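J.: Got a structure for you, protein_10.txt, holding compact mmCIF, C-alpha atoms.
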# COMPACT_ATOMS: atom_id res chain seq x y z
CA MET A 19 -14.90 -2.65 13.63
CA ASN A 20 -11.39 -1.45 14.38
CA THR A 21 -9.59 0.81 11.92
CA PRO A 22 -5.86 0.08 11.61
CA LYS A 23 -3.59 3.01 12.33
CA THR A 24 -0.52 4.11 10.43
CA THR A 25 2.36 2.35 12.16
CA GLU A 26 5.74 3.84 12.96
CA PHE A 27 8.95 1.91 12.33
CA TYR A 28 9.35 1.21 16.05
CA GLU A 29 6.21 0.72 18.09
CA GLN A 30 7.52 2.04 21.40
CA ALA A 31 4.09 1.78 23.03
CA ALA A 32 4.20 -1.97 22.49
CA ASP A 33 7.21 -2.22 24.80
CA VAL A 34 5.64 -0.65 27.87
CA SER A 35 5.72 -3.13 30.73
CA GLY A 36 2.52 -5.17 30.85
CA HIS A 37 1.47 -4.13 27.34
CA LEU A 38 -1.26 -6.24 25.77
CA TYR A 39 -3.04 -5.33 22.53
CA PHE A 40 -5.94 -7.40 21.28
CA ALA A 41 -8.13 -6.31 18.39
CA ARG A 42 -10.34 -7.64 15.65
CA TYR A 43 -10.04 -5.90 12.27
CA ASP A 44 -12.91 -6.13 9.80
CA TYR A 45 -11.44 -5.09 6.45
CA SER A 46 -13.60 -4.13 3.51
CA PRO A 47 -12.43 -4.75 -0.07
CA PHE A 48 -11.49 -1.04 -0.24
CA ASP A 49 -9.27 -0.84 2.84
CA ASP A 50 -5.60 -0.27 2.06
CA PRO A 51 -3.70 0.66 5.25
CA PRO A 52 -0.05 1.75 4.85
CA ALA A 53 2.25 -1.28 4.81
CA PHE A 54 5.22 0.08 6.74
CA ALA A 55 7.57 -2.48 8.26
CA HIS A 56 7.64 -2.06 12.04
CA PHE A 57 9.04 -3.89 15.07
CA HIS A 58 8.83 -4.09 18.86
CA ASP A 59 10.18 -6.11 21.76
CA SER A 60 6.74 -7.63 22.38
CA VAL A 61 5.68 -10.70 20.41
CA GLU A 62 2.80 -10.51 17.93
CA PHE A 63 0.27 -13.02 16.63
CA ILE A 64 -1.96 -12.63 13.58
CA LEU A 65 -4.93 -14.93 12.97
CA VAL A 66 -7.05 -14.76 9.83
CA ARG A 67 -10.65 -15.65 10.61
CA GLU A 68 -12.15 -14.82 7.22
CA GLY A 69 -10.79 -13.85 3.81
CA SER A 70 -7.07 -13.54 3.10
CA TYR A 71 -4.26 -11.33 4.41
CA LEU A 72 -0.71 -10.80 3.14
CA VAL A 73 1.79 -11.10 5.99
CA HIS A 74 5.51 -10.30 5.72
CA ILE A 75 7.74 -11.27 8.67
CA GLY A 76 11.49 -10.77 8.50
CA THR A 77 12.31 -11.77 4.93
CA GLN A 78 9.42 -14.24 4.56
CA GLU A 79 6.05 -13.44 3.04
CA ARG A 80 2.87 -15.45 2.74
CA LEU A 81 -0.72 -14.86 1.73
CA LEU A 82 -2.66 -16.28 4.66
CA SER A 83 -6.12 -17.74 4.14
CA ALA A 84 -8.88 -18.16 6.71
CA GLY A 85 -7.75 -20.55 9.43
CA GLU A 86 -4.04 -19.65 9.22
CA ILE A 87 -1.81 -17.77 11.66
CA ALA A 88 1.48 -15.85 11.81
CA PHE A 89 3.97 -15.06 14.57
CA ALA A 90 6.40 -12.12 14.73
CA ASP A 91 9.12 -12.51 17.33
CA SER A 92 10.79 -9.69 19.24
CA PHE A 93 12.50 -7.05 17.08
CA VAL A 94 11.77 -8.87 13.83
CA PRO A 95 10.44 -6.29 11.32
CA HIS A 96 7.04 -7.19 9.90
CA PHE A 97 4.15 -5.68 7.96
CA TYR A 98 0.77 -6.62 6.50
CA ARG A 99 -1.33 -5.81 3.46
CA THR A 100 -5.01 -6.33 2.79
CA THR A 101 -6.03 -8.27 -0.30
CA GLY A 102 -9.78 -7.71 -0.04
CA ALA A 103 -12.43 -8.33 2.59
CA ALA A 104 -11.03 -10.08 5.67
CA VAL A 105 -11.52 -10.55 9.39
CA VAL A 106 -8.20 -10.56 11.22
CA TYR A 107 -7.24 -10.84 14.90
CA ALA A 108 -4.06 -9.09 16.08
CA ILE A 109 -2.51 -9.80 19.48
CA VAL A 110 0.63 -8.04 20.76
CA ILE A 111 1.93 -9.18 24.14
CA ASP A 112 4.77 -8.03 26.39
CA LYS A 113 6.86 -11.14 27.11
CA ASN A 114 6.78 -10.28 30.83
CA LEU A 115 3.08 -11.14 30.90
CA PHE A 116 3.90 -14.81 30.30
CA SER A 117 4.73 -16.86 33.36
CA GLY A 118 7.78 -19.13 33.57
CA ASP A 119 9.87 -19.29 30.42
CA ALA A 120 6.96 -19.22 27.95
CA LEU A 121 8.03 -17.45 24.74
CA SER A 122 11.52 -16.93 26.18
CA SER A 123 13.07 -20.31 25.38
CA ARG A 124 10.75 -21.73 22.72
CA VAL A 125 8.99 -19.70 20.04
CA PHE A 126 7.04 -20.39 16.87
CA PRO A 127 8.09 -20.17 13.24
CA PRO A 128 6.72 -17.14 11.35
CA PHE A 129 3.91 -19.20 9.84
CA PRO A 130 3.02 -22.05 12.22
CA ALA A 131 0.94 -24.94 10.90
CA ILE A 132 -2.40 -25.40 12.68
CA SER A 133 -5.34 -27.71 12.03
CA THR A 134 -8.83 -26.47 11.23
CA ASP A 135 -10.21 -27.84 14.51
CA ASN A 136 -7.48 -26.23 16.60
CA PHE A 137 -7.90 -22.89 14.85
CA ALA A 138 -11.62 -23.05 15.63
CA ALA A 139 -10.75 -23.72 19.28
CA LEU A 140 -8.59 -20.58 19.32
CA MET A 141 -11.49 -18.53 17.93
CA ARG A 142 -13.79 -19.82 20.67
CA PHE A 143 -11.13 -18.94 23.24
CA PHE A 144 -10.80 -15.39 21.90
CA ASP A 145 -14.54 -14.84 21.70
CA SER A 146 -15.07 -16.00 25.27
CA CYS A 147 -12.13 -14.00 26.68
CA ALA A 148 -12.63 -10.74 24.77
CA PRO A 149 -14.96 -9.04 27.31
CA TYR A 150 -12.63 -9.75 30.24
CA ILE A 151 -9.03 -9.54 29.00
CA PHE A 152 -8.35 -6.01 30.22
CA GLU A 153 -10.10 -6.21 33.60
CA ASN A 154 -6.81 -6.26 35.55
CA ASP A 155 -3.22 -7.49 35.46
CA GLN A 156 -4.28 -11.00 36.42
CA THR A 157 -6.73 -11.38 33.53
CA LYS A 158 -4.10 -10.04 31.10
CA SER A 159 -1.48 -12.51 32.36
CA GLY A 160 -4.02 -15.32 32.39
CA PHE A 161 -4.96 -14.60 28.79
CA ALA A 162 -1.29 -14.54 27.74
CA ASP A 163 -0.52 -17.84 29.46
CA MET A 164 -3.62 -19.57 28.12
CA LEU A 165 -2.85 -18.39 24.59
CA ALA A 166 0.76 -19.58 24.87
CA GLY A 167 -0.37 -22.92 26.28
CA LEU A 168 -2.87 -23.48 23.49
CA LEU A 169 -0.37 -22.56 20.80
CA TYR A 170 2.28 -24.85 22.28
CA ALA A 171 -0.32 -27.62 22.19
CA PHE A 172 -1.60 -26.82 18.69
CA CYS A 173 1.50 -25.69 16.76
CA PRO A 174 5.13 -26.76 16.31
CA SER A 175 7.57 -24.63 18.30
CA GLN A 176 11.33 -24.21 18.06
CA GLU A 177 14.22 -23.15 20.26
CA ARG A 178 14.61 -19.40 20.35
CA LYS A 179 17.64 -18.23 18.40
CA GLU A 180 18.57 -14.60 18.04
CA ASN A 181 17.98 -13.30 14.53
CA LYS A 182 20.98 -10.99 14.30
CA THR A 183 20.17 -9.84 10.76
CA ALA A 184 16.63 -8.84 11.74
CA ARG A 185 17.83 -7.01 14.85
CA ALA A 186 20.45 -5.16 12.82
CA PHE A 187 17.88 -4.17 10.22
CA ALA A 188 15.56 -2.94 12.97
CA GLU A 189 18.24 -0.34 13.72
CA VAL A 190 18.08 0.78 10.08
CA LEU A 191 14.32 1.28 10.38
CA LYS A 192 14.73 3.15 13.64
CA TYR A 193 17.23 5.49 12.00
CA LEU A 194 14.94 6.07 9.01
CA ASN A 195 12.04 6.94 11.28
CA ALA A 196 14.12 9.68 12.85
CA HIS A 197 15.76 10.95 9.65
CA PHE A 198 13.34 10.40 6.74
CA ARG A 199 13.06 14.18 6.25
CA GLU A 200 16.78 14.35 5.41
CA ASP A 201 18.56 13.63 2.13
CA ILE A 202 18.88 9.83 2.31
CA SER A 203 20.49 7.75 -0.42
CA LEU A 204 21.20 4.06 -0.76
CA ALA A 205 24.93 4.80 -0.76
CA SER A 206 24.88 6.92 2.41
CA LEU A 207 22.60 4.60 4.35
CA SER A 208 24.48 1.41 3.41
CA ALA A 209 27.77 3.08 4.36
CA ARG A 210 26.36 4.25 7.66
CA PHE A 211 25.43 0.70 8.62
CA SER A 212 28.54 -0.90 7.07
CA TYR A 213 26.84 -2.85 4.29
CA ALA A 214 27.93 -3.30 0.70
CA GLU A 215 25.54 -1.19 -1.36
CA ASN A 216 24.18 -4.01 -3.57
CA TYR A 217 23.71 -6.32 -0.59
CA PHE A 218 21.98 -3.59 1.40
CA SER A 219 19.62 -2.84 -1.50
CA ALA A 220 18.57 -6.50 -1.67
CA LEU A 221 18.27 -6.69 2.13
CA PHE A 222 16.08 -3.61 2.25
CA ASN A 223 13.74 -5.06 -0.35
CA ASP A 224 13.63 -8.38 1.51
CA PHE A 225 12.61 -6.77 4.81
CA THR A 226 10.29 -4.03 3.57
CA GLY A 227 8.93 -5.28 0.27
CA MET A 228 10.03 -2.14 -1.58
CA SER A 229 13.08 -0.10 -2.54
CA LEU A 230 14.62 2.51 -0.24
CA ARG A 231 13.44 5.31 -2.54
CA GLU A 232 9.84 4.08 -2.48
CA TYR A 233 9.97 3.56 1.28
CA VAL A 234 11.21 7.09 1.98
CA ASN A 235 8.62 8.56 -0.38
CA ARG A 236 5.80 6.59 1.23
CA ARG A 237 7.00 7.60 4.70
CA ARG A 238 7.17 11.29 3.74
CA ILE A 239 3.77 11.27 2.03
CA ALA A 240 2.17 9.50 5.00
CA GLU A 241 3.58 12.20 7.29
CA VAL A 242 2.38 15.02 5.02
CA LEU A 243 -1.14 13.57 5.02
CA ARG A 244 -1.05 13.05 8.79
CA LEU A 245 -0.07 16.68 9.36
CA LYS A 246 -2.67 17.89 6.86
CA ALA A 247 -5.37 15.97 8.73
CA LYS A 248 -4.31 17.78 11.92
CA ASP A 249 -4.33 21.22 10.27
CA SER A 250 -6.54 21.44 7.18
CA SER A 251 -5.56 25.08 6.61
CA ALA A 252 -1.89 24.21 6.10
CA SER A 253 -0.48 24.29 2.59
CA LEU A 254 0.30 20.83 1.28
CA PHE A 255 3.59 21.92 -0.23
CA SER A 256 4.69 23.76 2.92
CA LEU A 257 4.14 20.51 4.80
CA ALA A 258 6.02 18.65 2.07
CA LEU A 259 8.99 20.99 2.52
CA ASP A 260 8.99 20.18 6.24
CA CYS A 261 8.93 16.46 5.40
CA GLY A 262 11.95 16.48 3.12
CA TYR A 263 10.75 17.44 -0.35
CA VAL A 264 12.57 20.29 -2.10
CA SER A 265 10.80 20.21 -5.46
CA GLU A 266 7.07 20.89 -5.87
CA LYS A 267 6.99 18.73 -9.01
CA THR A 268 8.65 15.81 -7.22
CA PHE A 269 6.27 16.10 -4.29
CA TYR A 270 3.07 16.12 -6.34
CA ARG A 271 4.32 13.23 -8.45
CA ALA A 272 4.95 11.24 -5.24
CA LEU A 273 1.60 12.31 -3.81
CA ALA A 274 -0.21 11.04 -6.89
CA LYS A 275 1.63 7.73 -6.68
CA TYR A 276 1.63 7.07 -2.93
CA GLY A 277 -1.07 9.31 -1.50
CA LYS A 278 -3.97 6.87 -1.74
CA LYS A 279 -5.35 5.70 1.57
Render the structure in this file as structure tokens.
T.:
Amino acid sequence: MNTPKTTEFYEQAADVSGHLYFARYDYSPFDDPPAFAHFHDSVEFILVREGSYLVHIGTQERLLSAGEIAFADSFVPHFYRTTGAAVVYAIVIDKNLFSGDALSSRVFPPFPAISTDNFAALMRFFDSCAPYIFENDQTKSGFADMLAGLLYAFCPSQERKENKTARAFAEVLKYLNAHFREDISLASLSARFSYAENYFSALFNDFTGMSLREYVNRRRIAEVLRLKAKDSSASLFSLALDCGYVSEKTFYRALAKYGKK
């Protein structure tokens, strides 16, 4: 069983040359990993083997059932939420691992349609490859190409078109990751990125599934809890001060609301 980690806004590790991440997550009904929108240059596939899994890609969201898949293209913000017990496969692949123009000219929609038989074929492929994927660069590239080939055969693809809105919003997330400890308001952030305030508020909700205020609070609380886990002797409120809180009352109210794991 793999335990999901708290994800930063920008997964820099996913953009190391030759990066390939393949994992199976076995979620219990009590798992509730933080649902922070994140992005990377690598492409990402999610496959739900059992149960259901809420997937949000760009501004689209869908509750996937067993036998369904999702695709997050380069620099498109995305996040996931558990809805109970589930078995989920996650695959993140550097585009340079694909040979030819695979995943460079034609990509998949966020929620590609796939038949039951073809999904079962993908599961057999993963199960047979799992022990060997990371043996060397050749097995990693071979896995990437075989996966791309199967998906091109099984799912509808489309011409790659740059999602300028998603890329622009990725810059917002990158800025927030670096500055969440500071005094951030909807007015200041929308002005910084040259958006009308009302439009930016709606855009933020569309990409992250929550308001800016909730997002900043969740990000700060997650950081407080991460630091506390590293140093159990540290005062919670002293850590909160380092993470942007100025009022003890405000911090403990946010902790009660967003501090559940």
J.: At what distance in Å, to one decimal, does CA of Ala171 (chain A) lie from CA of Leu82 (chain A)?
T.: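 Rounded to one decimal, the two atoms are 21.0 Å apart.
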J.: Any chance you could work out the axis-aligned box around region 96-109 of chain A, listed atoms only, 3 Å on each side, giving centre and edge lengths in Å to one decimal, as JSON?
T.:
{"center_x": -2.7, "center_y": -8.3, "center_z": 9.6, "size_x": 25.5, "size_y": 11.2, "size_z": 25.8}
J.: At a cut-off of 7 Å, using only C-alpha atoms, what residues contact Asp163 (chain A)? Leave out same-chain residues fewer than 4 positions from it and give the result as a PyMOL selection string.
T.: chain A and resi 116-117+159+167
J.: Report the closest atom pair, with its distance in Å rounded to one decimal, for each residue of region 34-148 of chain A that has an atom no farther than 12 Å from region 214-225 of chain A; count all atoms listed in the file, sort by chain and then rising residue number, and write it as CSV.
T.:
residue,atom,partner,partner_atom,distance
A:Ala53,CA,A:Phe225,CA,11.7
A:Phe54,CA,A:Phe225,CA,10.3
A:Ala55,CA,A:Phe225,CA,7.5
A:His56,CA,A:Phe225,CA,10.0
A:Phe57,CA,A:Phe225,CA,11.2
A:Val73,CA,A:Phe225,CA,11.7
A:His74,CA,A:Phe225,CA,8.0
A:Ile75,CA,A:Phe225,CA,7.7
A:Gly76,CA,A:Phe225,CA,5.6
A:Thr77,CA,A:Asp224,CA,5.0
A:Gln78,CA,A:Asp224,CA,7.8
A:Glu79,CA,A:Asp224,CA,9.2
A:Val94,CA,A:Phe225,CA,9.3
A:Pro95,CA,A:Phe225,CA,6.9
A:His96,CA,A:Phe225,CA,7.6
A:Phe97,CA,A:Phe225,CA,9.1
A:Tyr98,CA,A:Phe225,CA,12.0
J.: Considering only C-alpha atoms, state which residue in the set A:Met141, A:Ala247, A:Ala104, A:Val242 is at the smallest distance from Gly262 (chain A).
T.: A:Val242
J.: Quick check, in Å to one decimal: how far apart do CA of Ala138 (chain A) and CA of Val105 (chain A) lie?
T.: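 Computed distance, CA of Ala138 (chain A) to CA of Val105 (chain A), equals 14.0 Å.
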J.: For Asp201 (chain A), which residue among A:Leu168, A:Val106, A:Ile239, A:Cys261 is the nearest when counting all atoms listed in the file?
T.: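 When distances to Asp201 (chain A) are compared using all atoms listed in the file, the smallest one comes from A:Cys261.
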J.: Using only C-alpha atoms, which of A:Val66, A:Ala252, A:Ile109, A:Leu191 sits nearest Leu38 (chain A)?
T.: A:Ile109
J.: I'd like the neighbourhood of Asp91 (chain A) as an NGL selection string, where a residue qualifies if any of its atoms comes within 12 Å (using all atoms listed in the file), though same-chain residues fewer than 6 positions away should be ignored.
T.: :A and (56-64 or 75-76 or 110-113 or 121-129 or 176 or 178-181 or 184-185)
J.: Could you jot down the CA of Asp49 (chain A) to CA of Arg271 (chain A) separation for me, Å, one decimal place?
T.: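 A separation of 22.6 Å between them.
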J.: For Arg236 (chain A), please output as a VMD selection string all residues within 10 Å (counting all atoms listed in the file; exclusion window: fewer than 3 positions along the same chain).
T.: chain A and resid 52 to 54 230 to 233 239 to 242 272 to 273 275 to 277
J.: Taking all atoms listed in the file into account, which of A:Glu200, A:Ala41, A:Ala205, A:Phe269 comes nearest Cys147 (chain A)?
T.: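 Nearest candidate to Cys147 (chain A) out of A:Glu200, A:Ala41, A:Ala205, A:Phe269: A:Ala41.
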J.: Using only C-alpha atoms, which of A:Thr101, A:Ser83, A:Ser175, A:Ser256 sits nearest Leu65 (chain A)?
T.: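 The answer is A:Ser83, which sits nearest to Leu65 (chain A).
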J.: Out of A:Ser208, A:Ser46, A:Asn154, A:Ser70, which residue has the shortest atom-to-atom distance to Glu86 (chain A) when counting all atoms listed in the file?
T.: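 Of all the options, A:Ser70 lies closest to Glu86 (chain A).
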